[in-house]
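See below for upload-v5.pdb, which holds PDB, C-alpha atoms.
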```pdb
ATOM      1  CA  MET A 133     -12.384   5.804  12.956
ATOM      2  CA  ASN A 134     -11.976   9.111  11.155
ATOM      3  CA  SER A 135      -8.392   9.354  12.406
ATOM      4  CA  ILE A 136      -7.521   6.038  10.741
ATOM      5  CA  PHE A 137      -8.543   7.407   7.358
ATOM      6  CA  GLU A 138      -6.959  10.811   7.979
ATOM      7  CA  ILE A 139      -3.645   9.251   9.004
ATOM      8  CA  THR A 140      -3.681   6.868   6.049
ATOM      9  CA  ARG A 141      -4.572   9.703   3.685
ATOM     10  CA  THR A 142      -1.704  11.785   5.148
ATOM     11  CA  SER A 143       0.677   8.890   4.577
ATOM     12  CA  ARG A 144      -0.494   8.546   0.982
ATOM     13  CA  LYS A 145      -0.137  12.308   0.427
ATOM     14  CA  MET A 146       3.465  12.022   1.607
ATOM     15  CA  ILE A 147       4.022   9.134  -0.815
ATOM     16  CA  ALA A 148       2.379  10.814  -3.839
ATOM     17  CA  PRO A 149       5.218  13.308  -4.531
ATOM     18  CA  PHE A 150       7.585  10.407  -5.177
ATOM     19  CA  LEU A 151       5.475   9.637  -8.257
ATOM     20  CA  GLU A 152       5.639  13.279  -9.360
ATOM     21  CA  ASN A 153       9.231  14.180  -8.555
ATOM     22  CA  TYR A 154      11.178  11.110  -9.634
ATOM     23  CA  THR A 155      11.742   9.803 -13.142
ATOM     24  CA  LEU A 156      10.653   6.353 -14.218
ATOM     25  CA  GLU A 157      14.294   5.286 -14.076
ATOM     26  CA  GLN A 158      14.692   6.625 -10.520
ATOM     27  CA  LEU A 159      11.461   4.942  -9.407
ATOM     28  CA  ASN A 160      12.810   1.635 -10.750
ATOM     29  CA  THR A 161      16.373   1.926  -9.382
ATOM     30  CA  ILE A 162      17.279  -0.526  -6.622
ATOM     31  CA  PRO A 163      20.118   1.051  -4.626
ATOM     32  CA  GLU A 164      22.949  -1.072  -3.331
ATOM     33  CA  GLY A 165      21.998  -2.645  -0.025
ATOM     34  CA  PHE A 166      18.252  -2.583  -0.777
ATOM     35  CA  SER A 167      16.068  -5.369  -2.143
ATOM     36  CA  ASN A 168      13.469  -3.135  -3.758
ATOM     37  CA  ASN A 169      12.876   0.318  -5.220
ATOM     38  CA  LEU A 170      10.585   3.314  -4.795
ATOM     39  CA  ILE A 171       7.829   2.077  -7.098
ATOM     40  CA  TRP A 172       7.782  -1.362  -5.461
ATOM     41  CA  ASN A 173       7.301   0.246  -2.033
ATOM     42  CA  ILE A 174       4.521   2.505  -3.308
ATOM     43  CA  ALA A 175       2.654  -0.298  -5.068
ATOM     44  CA  HIS A 176       3.250  -2.607  -2.091
ATOM     45  CA  VAL A 177       1.432  -0.276   0.320
ATOM     46  CA  VAL A 178      -1.548  -0.079  -2.059
ATOM     47  CA  VAL A 179      -1.627  -3.858  -2.486
ATOM     48  CA  THR A 180      -1.187  -4.611   1.216
ATOM     49  CA  GLN A 181      -4.027  -2.300   2.257
ATOM     50  CA  GLN A 182      -6.322  -4.041  -0.198
ATOM     51  CA  LEU A 183      -5.293  -7.514   0.966
ATOM     52  CA  LEU A 184      -5.578  -6.694   4.674
ATOM     53  CA  VAL A 185      -8.863  -4.824   4.504
ATOM     54  CA  TYR A 186     -10.788  -6.283   1.572
ATOM     55  CA  LYS A 187      -9.451  -9.783   0.950
ATOM     56  CA  LEU A 188      -9.451 -10.695   4.649
ATOM     57  CA  SER A 189     -13.033  -9.383   4.778
ATOM     58  CA  GLY A 190     -13.986 -11.662   1.888
ATOM     59  CA  LEU A 191     -14.707  -8.704  -0.406
ATOM     60  CA  PRO A 192     -13.515  -7.914  -3.941
ATOM     61  CA  MET A 193     -10.400  -5.760  -4.088
ATOM     62  CA  MET A 194     -10.075  -2.581  -6.165
ATOM     63  CA  ILE A 195      -6.805  -3.774  -7.677
ATOM     64  CA  SER A 196      -5.898  -6.384 -10.269
ATOM     65  CA  ASP A 197      -4.569  -9.838  -9.472
ATOM     66  CA  ASP A 198      -1.530  -8.915 -11.569
ATOM     67  CA  LEU A 199      -0.729  -6.009  -9.235
ATOM     68  CA  VAL A 200      -1.139  -8.288  -6.220
ATOM     69  CA  GLU A 201       1.225 -10.902  -7.653
ATOM     70  CA  LYS A 202       3.912  -8.325  -8.431
ATOM     71  CA  TYR A 203       3.792  -6.354  -5.183
ATOM     72  CA  LYS A 204       2.513  -8.564  -2.360
ATOM     73  CA  LYS A 205       4.624  -9.509   0.653
ATOM     74  CA  ALA A 206       7.762 -11.527  -0.129
ATOM     75  CA  THR A 207       8.024 -10.264  -3.710
ATOM     76  CA  LYS A 208      10.720  -8.090  -5.211
ATOM     77  CA  PRO A 209      11.001  -6.174  -8.459
ATOM     78  CA  GLU A 210      11.436  -8.682 -11.289
ATOM     79  CA  GLN A 211      11.155  -6.142 -14.119
ATOM     80  CA  PHE A 212      10.974  -2.387 -14.588
ATOM     81  CA  ALA A 213       7.574  -0.883 -13.902
ATOM     82  CA  THR A 214       6.234   0.851 -16.997
ATOM     83  CA  GLN A 215       4.869   4.399 -17.071
ATOM     84  CA  SER A 216       1.412   2.911 -17.527
ATOM     85  CA  GLU A 217       1.839   0.878 -14.338
ATOM     86  CA  VAL A 218       3.103   3.950 -12.459
ATOM     87  CA  ASP A 219       0.039   5.880 -13.649
ATOM     88  CA  GLU A 220      -2.243   3.081 -12.450
ATOM     89  CA  ILE A 221      -0.592   3.011  -9.022
ATOM     90  CA  LYS A 222      -0.816   6.797  -8.822
ATOM     91  CA  ALA A 223      -4.567   6.645  -9.507
ATOM     92  CA  LEU A 224      -5.049   3.951  -6.868
ATOM     93  CA  LEU A 225      -3.018   5.686  -4.166
ATOM     94  CA  LEU A 226      -5.816   7.920  -2.872
ATOM     95  CA  SER A 227      -8.865   6.417  -4.584
ATOM     96  CA  THR A 228      -8.518   3.153  -2.648
ATOM     97  CA  ILE A 229      -8.542   4.997   0.685
ATOM     98  CA  ASP A 230     -11.502   7.169  -0.329
ATOM     99  CA  GLN A 231     -13.468   4.057  -1.312
ATOM    100  CA  THR A 232     -12.455   2.188   1.848
ATOM    101  CA  GLU A 233     -13.770   5.057   3.958
ATOM    102  CA  LYS A 234     -17.083   5.059   2.052
ATOM    103  CA  ASP A 235     -17.362   1.293   2.385
ATOM    104  CA  PHE A 236     -16.655   1.482   6.111
ATOM    105  CA  GLU A 237     -19.311   4.182   6.578
ATOM    106  CA  ASN A 238     -21.759   1.988   4.631
ATOM    107  CA  ASN A 239     -21.027  -1.038   6.862
ATOM    108  CA  VAL A 240     -19.734  -3.133   3.967
ATOM    109  CA  PHE A 241     -17.236  -4.953   6.202
ATOM    110  CA  LYS A 242     -19.264  -7.705   7.864
ATOM    111  CA  ASN A 243     -16.805 -10.613   8.076
ATOM    112  CA  PHE A 244     -13.096 -10.859   8.759
ATOM    113  CA  THR A 245     -10.651 -13.760   8.655
ATOM    114  CA  GLU A 246      -8.184 -13.566  11.536
ATOM    115  CA  TYR A 247      -4.628 -13.063  10.305
ATOM    116  CA  PRO A 248      -1.308 -13.282  12.184
ATOM    117  CA  THR A 249       1.042 -10.633  10.751
ATOM    118  CA  SER A 250       4.758 -11.202  10.311
ATOM    119  CA  THR A 251       5.305  -8.879  13.305
ATOM    120  CA  GLY A 252       3.443 -11.310  15.555
ATOM    121  CA  PHE A 253       0.378  -9.090  15.909
ATOM    122  CA  VAL A 254      -2.857 -10.928  15.131
ATOM    123  CA  LEU A 255      -5.497  -9.016  13.187
ATOM    124  CA  LYS A 256      -8.927 -10.014  14.474
ATOM    125  CA  THR A 257     -11.151  -7.315  12.967
ATOM    126  CA  VAL A 258     -11.182  -5.018   9.969
ATOM    127  CA  GLU A 259     -10.448  -2.157  12.383
ATOM    128  CA  ASP A 260      -7.308  -4.022  13.494
ATOM    129  CA  ALA A 261      -6.329  -4.360   9.835
ATOM    130  CA  MET A 262      -6.796  -0.634   9.232
ATOM    131  CA  ASP A 263      -4.791   0.228  12.351
ATOM    132  CA  PHE A 264      -1.996  -2.171  11.414
ATOM    133  CA  ASN A 265      -1.961  -0.793   7.879
ATOM    134  CA  LYS A 266      -0.983   2.653   9.228
ATOM    135  CA  PHE A 267       2.055   1.104  10.933
ATOM    136  CA  HIS A 268       2.936  -0.856   7.782
ATOM    137  CA  GLU A 269       2.744   2.219   5.545
ATOM    138  CA  GLY A 270       4.925   4.170   7.983
ATOM    139  CA  LEU A 271       7.618   1.499   7.734
ATOM    140  CA  HIS A 272       7.613   1.634   3.950
ATOM    141  CA  LEU A 273       7.551   5.434   3.871
ATOM    142  CA  GLY A 274      10.713   5.360   5.995
ATOM    143  CA  ILE A 275      12.360   2.955   3.560
ATOM    144  CA  MET A 276      11.373   5.208   0.668
ATOM    145  CA  MET A 277      12.897   8.211   2.405
ATOM    146  CA  SER A 278      16.168   6.291   2.606
ATOM    147  CA  ILE A 279      16.031   5.111  -1.013
ATOM    148  CA  ARG A 280      15.311   8.604  -2.365
ATOM    149  CA  LYS A 281      18.719   9.810  -1.201
ATOM    150  CA  LEU A 282      20.403   7.136  -3.320
ATOM    151  CA  VAL A 283      18.591   7.428  -6.635
TER
END
```

How does the structure come out when it is put into structure tokens?
Amino acid sequence: MNSIFEITRTSRKMIAPFLENYTLEQLNTIPEGFSNNLIWNIAHVVVTQQLLVYKLSGLPMMISDDLVEKYKKATKPEQFATQSEVDEIKALLLSTIDQTEKDFENNVFKNFTEYPTSTGFVLKTVEDAMDFNKFHEGLHLGIMMSIRKLV
């Protein structure tokens, strides 16, 4: 299981510089041909990990309902993210993974609601959710690498 957390942490460390090296305007820019922007992708990976791992386990998430509503699957940017929101997402980027690892080590995850992903893969355990999350974050990191060239 350590590799799951190390890979996820590596992904998040690759995402973090976007929050440091791009202006608020760049983070919010939706390039032609795209349906979202850098900040949406970053917040979306944080939200999705929390939904897949905590919500499907019947546990409280470390993120607000407001964040979930703005950045869950099938949403798109409806308004510019504020600097305060960017700062919140930045704080959650690594802290959520650190806490998930602690919770896993402490056997917090007892239940899990089976969930068929949009890819057709069915998540049956929290370990499945954590594995799938790595794939999901990789997809969004790739999208972000494309967007960064256009903002």

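Distances here use only C-alpha atoms; by that measure, the residue among A:Ser278, A:Ser189, A:Thr207, A:Gln215 closest to Thr245 (chain A) is A:Ser189.
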
Within 12 Å of (7.7, -2.2, 10.2) in the file's own coordinates, which protein, DNA or RNA residues have an atom, counting all atoms listed in the file? List them as number ranges by chain.
A: 177, 249-253, 264-275

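Distances from A:Arg280, A:Thr161, A:Asn168, A:Ile195 to Leu225 (chain A) were compared using all atoms listed in the file, and the smallest one belongs to A:Ile195.
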
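The smallest atom-to-atom distance between Leu151 (chain A) and any of A:Ile139, A:Leu191, A:Leu184, A:Ala223, using all atoms listed in the file, is found for A:Ala223.
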
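Here CA of Asp260 (chain A) is placed at a distance of 22.0 Å from CA of Leu224 (chain A).
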
Residues matched by the PyMOL selection byres ((chain A and resi 185) around 9) as an MDAnalysis selection string
chainID A and resid 180:184 186:191 193 232 241 244 258:259 261:262 265

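Neighbouring residues of Lys222 (chain A) at 12 Å or closer, counting only C-alpha atoms and skipping chain neighbours under 2 positions away, are Arg144, Lys145, Ile147, Ala148, Pro149, Phe150, Leu151, Glu152, Ile171, Ile174, Ala175, Val177, Val178, Gln215, Ser216, Glu217, Val218, Asp219, Glu220, Leu224, Leu225, Leu226, Ser227 and Thr228 of chain A.
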
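Separating CA of Phe166 (chain A) from CA of Ala213 (chain A) is a distance of 17.0 Å.
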
Report the distance between CA of Arg141 (chain A) and CA of Lys256 (chain A) in Å, rounded to one decimal place.
22.9 Å

Exactly which residues make up the result of the PyMOL selection byres ((chain A and resi 134) around 12) on this file, given as a PyMOL selection string?
chain A and resi 133+135-141+229-230+232-234+236-237+259+262-263

Once 3 Å is added on each side, what are the centre and the three edge lengths, in Å to one decimal, of the axis-aligned box enclosing the listed atoms of region 220-236 of chain A? Present them as JSON.
```
{"center_x": -9.0, "center_y": 4.6, "center_z": -3.2, "size_x": 22.8, "size_y": 12.6, "size_z": 24.6}
```

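You can rank A:Asp198, A:Met146, A:Leu170, A:Met277 by their closest distance to Gln158 (chain A) using all atoms listed in the file, and at the top of that list sits A:Leu170.
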
If you count only C-alpha atoms, the residue of A:Asn153, A:Asp197, A:Lys242, A:Asn169 closest to Phe212 (chain A) turns out to be A:Asn169

Using all atoms listed in the file: which of A:Val179, A:Lys281, A:Met276, A:Pro209 has the shortest distance to Ser196 (chain A):
A:Val179
